[in-house]
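Participant: Take a look at the following structure, please.
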Amino acid sequence: MKERTFGSLSYFIKNGFYIPFLYVFLFEYTQNLFLSSIIIFKFYPANYYFWFYPLYNYNELPVWVSFFKQFVRFTDSGHLASLLYFYHPTFFSIAYNVHFTITFGYWLGKLMFGLKDTDERTHPEINYSFIEWWSACNHLCPLLLLIRELSIKENLCQTELFTYIDLYYSFLWGYFWITFIYIPWRLVTQDCVYSVLSDKAPVLVQGGFLFMIHVLFYISNMCGSHMSSYICG
């Protein structure tokens with residue numbers, strides 16, 4: 001295995017060190033913090049899997065299947081939720097609930113259940129500190145950006161937010177992900193995606209984690225309702 005070359009162009013591109021500079025360009029071009037941010041948050045995993053997907057081999061399937069892992073995690077569904085909100089502001093409550101659950105599910109999962117992503121791979125050209133930094137950003141910044149959107153977009157305050165219908169569709173989003181994305185991926189690849197959902201994890205741990213996710217959706221809608229009442233007056 002060849003030596004790691006920190007100063008090489010290959011190392012710079014494969015790790016996505018150019019992405020923060022691209023972010024500045026996108027913001028200058030769009031003059032929209034939310035749009036430029038959600039593009040960049042998706043761009044990093046796309047860049048990672050473009051270069052490093054050959055390191056993954058699921059159930060002896062063709063290696064190109066691994067490229068699509070970037071669309072499988074529940075966090076990845078948050079990128080779509082952000083985009084739907086951007087083009088359809090009435091989707092705000094659902095996008096907020098999804099990102100609230102992604103954010104607190106991730107950090108509480110790590111704290112309470114020892115949650116780990118199963119994607120860790122060893123390669124001399126991978127900068128693991130940068131991966132951790134982007135992971136933290138993807139599990140915090142989108143939620144903060146949505147809160148900012150509510151505080152600066154008057155049209156959002158003119159709509160009814162965080163109703164029980166919004167909560168229903170938020171749960172439906174999670175069930176859709178489990179049914180049509182997670183389960184098919186796991187059956188085909190035998191990849192559990194998250195360590196806490198592994199067959200080796202105790203049933204009580206798996207059940208406790210899934211129960212926590214359901215509770216977080218409910219708490220999110222309740223907190224969002226109070227937050228919107230406070231911000232919108």
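Labels for the structure tokens follow display order: chains A, B, ..., residues from 1 in each chain, ligands from 1.
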Step one, run DSSP on the backbone; step two, keep only residues of region 81-143 of chain A assigned to helix (DSSP H, G or I); then write them as a ChimeraX atom specification.
Facilitator: /A:81-87,89-113,128-138,141-143
Participant: Dump C-alpha atoms for the selected residues as a PDB file, in the first residue's frame?
Facilitator:
ATOM      1  CA  ALA A  81     -35.911  16.754   2.815  1.00  0.00           C
ATOM      2  CA  SER A  82     -33.888  19.987   2.689  1.00  0.00           C
ATOM      3  CA  LEU A  83     -34.228  20.183  -1.078  1.00  0.00           C
ATOM      4  CA  LEU A  84     -37.978  19.582  -0.939  1.00  0.00           C
ATOM      5  CA  TYR A  85     -38.345  22.391   1.586  1.00  0.00           C
ATOM      6  CA  PHE A  86     -36.310  24.749  -0.596  1.00  0.00           C
ATOM      7  CA  TYR A  87     -38.635  24.263  -3.561  1.00  0.00           C
ATOM      8  CA  PRO A  89     -41.753  25.827   1.707  1.00  0.00           C
ATOM      9  CA  THR A  90     -44.927  24.078   2.923  1.00  0.00           C
ATOM     10  CA  PHE A  91     -42.638  21.080   3.540  1.00  0.00           C
ATOM     11  CA  PHE A  92     -40.819  23.019   6.272  1.00  0.00           C
ATOM     12  CA  SER A  93     -42.310  21.227   9.286  1.00  0.00           C
ATOM     13  CA  ILE A  94     -41.543  17.779   7.905  1.00  0.00           C
ATOM     14  CA  ALA A  95     -37.998  18.786   6.939  1.00  0.00           C
ATOM     15  CA  TYR A  96     -37.478  20.182  10.430  1.00  0.00           C
ATOM     16  CA  ASN A  97     -38.800  17.009  12.080  1.00  0.00           C
ATOM     17  CA  VAL A  98     -36.594  14.822   9.889  1.00  0.00           C
ATOM     18  CA  HIS A  99     -33.447  16.827  10.641  1.00  0.00           C
ATOM     19  CA  PHE A 100     -34.292  17.125  14.337  1.00  0.00           C
ATOM     20  CA  THR A 101     -34.570  13.345  14.523  1.00  0.00           C
ATOM     21  CA  ILE A 102     -31.389  12.868  12.471  1.00  0.00           C
ATOM     22  CA  THR A 103     -29.460  15.268  14.701  1.00  0.00           C
ATOM     23  CA  PHE A 104     -30.579  14.065  18.122  1.00  0.00           C
ATOM     24  CA  GLY A 105     -30.848  10.446  16.990  1.00  0.00           C
ATOM     25  CA  TYR A 106     -27.206  10.533  15.935  1.00  0.00           C
ATOM     26  CA  TRP A 107     -25.758  12.218  19.007  1.00  0.00           C
ATOM     27  CA  LEU A 108     -27.981  10.428  21.545  1.00  0.00           C
ATOM     28  CA  GLY A 109     -27.378   7.177  19.684  1.00  0.00           C
ATOM     29  CA  LYS A 110     -23.633   7.612  20.089  1.00  0.00           C
ATOM     30  CA  LEU A 111     -24.000   8.580  23.737  1.00  0.00           C
ATOM     31  CA  MET A 112     -26.597   6.050  24.859  1.00  0.00           C
ATOM     32  CA  PHE A 113     -26.292   3.127  22.444  1.00  0.00           C
ATOM     33  CA  TYR A 128     -10.276  10.500   9.087  1.00  0.00           C
ATOM     34  CA  SER A 129     -10.308  13.799  10.985  1.00  0.00           C
ATOM     35  CA  PHE A 130     -11.930  15.497   7.992  1.00  0.00           C
ATOM     36  CA  ILE A 131     -14.547  12.739   7.817  1.00  0.00           C
ATOM     37  CA  GLU A 132     -15.415  13.278  11.481  1.00  0.00           C
ATOM     38  CA  TRP A 133     -15.674  17.025  10.931  1.00  0.00           C
ATOM     39  CA  TRP A 134     -18.085  16.613   8.028  1.00  0.00           C
ATOM     40  CA  SER A 135     -20.108  14.027   9.919  1.00  0.00           C
ATOM     41  CA  ALA A 136     -20.558  16.468  12.803  1.00  0.00           C
ATOM     42  CA  CYS A 137     -21.608  19.213  10.387  1.00  0.00           C
ATOM     43  CA  ASN A 138     -24.129  16.965   8.625  1.00  0.00           C
ATOM     44  CA  CYS A 141     -25.916  22.335  10.698  1.00  0.00           C
ATOM     45  CA  PRO A 142     -29.011  21.456   8.605  1.00  0.00           C
ATOM     46  CA  LEU A 143     -31.208  21.724  11.695  1.00  0.00           C
TER      47      LEU A 143
END
Participant: Find the residues near Leu61 (chain A): any atom within 8 Å, counting only C-alpha atoms, skip ones fewer than 4 places away on the same chain, and give them as a PDB file with C-alpha atoms, in the first residue's frame.
Facilitator:
ATOM      1  CA  ASN A  57     -17.669  -5.013  -1.058  1.00  0.00           C
ATOM      2  CA  VAL A  65     -23.107  -1.183  -5.978  1.00  0.00           C
ATOM      3  CA  THR A 189     -26.034  -6.321   0.670  1.00  0.00           C
TER       4      THR A 189
END
Participant: Using only C-alpha atoms, determine which residues lie at most 9 Å from region 167-181 of chain A, disregarding the query and same-chain residues fewer than 2 positions distant; provide the list as an NGL selection string.
Facilitator: :A and (71-74 or 77 or 93-95 or 97-98 or 162-165 or 183-186 or 214 or 217-218 or 220-221)
Participant: Hey, which of A:Phe52, A:Lys153, A:Lys116, A:Tyr29 ends up closest to Leu197 (chain A)? Count only C-alpha atoms.
Facilitator: A:Lys116
Participant: Tell me, in Å to one decimal, how far CA of Glu154 (chain A) is from CA of Thr30 (chain A).
Facilitator: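 Rounded to one decimal, the two atoms are 20.1 Å apart.
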Participant: Counting only C-alpha atoms, what is within 8 Å of Pro54 (chain A), bar same-chain residues fewer than 6 positions away, as a ChimeraX atom specification?
Facilitator: /A:63-64,66
Participant: Keeping only N, CA and C atoms, write the selected residues as a CSV table (one decimal), in the first residue's frame.
Facilitator:
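Generated file (part-v2.csv):
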chain,number,residue,atom,x,y,z
A,63,VAL,N,-18.7,-4.3,-7.4
A,63,VAL,CA,-18.2,-3.2,-6.5
A,63,VAL,C,-18.9,-1.9,-6.8
A,64,TRP,N,-19.5,-1.7,-8.0
A,64,TRP,CA,-20.1,-0.4,-8.2
A,64,TRP,C,-21.4,-0.2,-7.4
A,66,SER,N,-21.5,-0.4,-4.3
A,66,SER,CA,-21.1,0.4,-3.1
A,66,SER,C,-21.2,1.9,-3.3
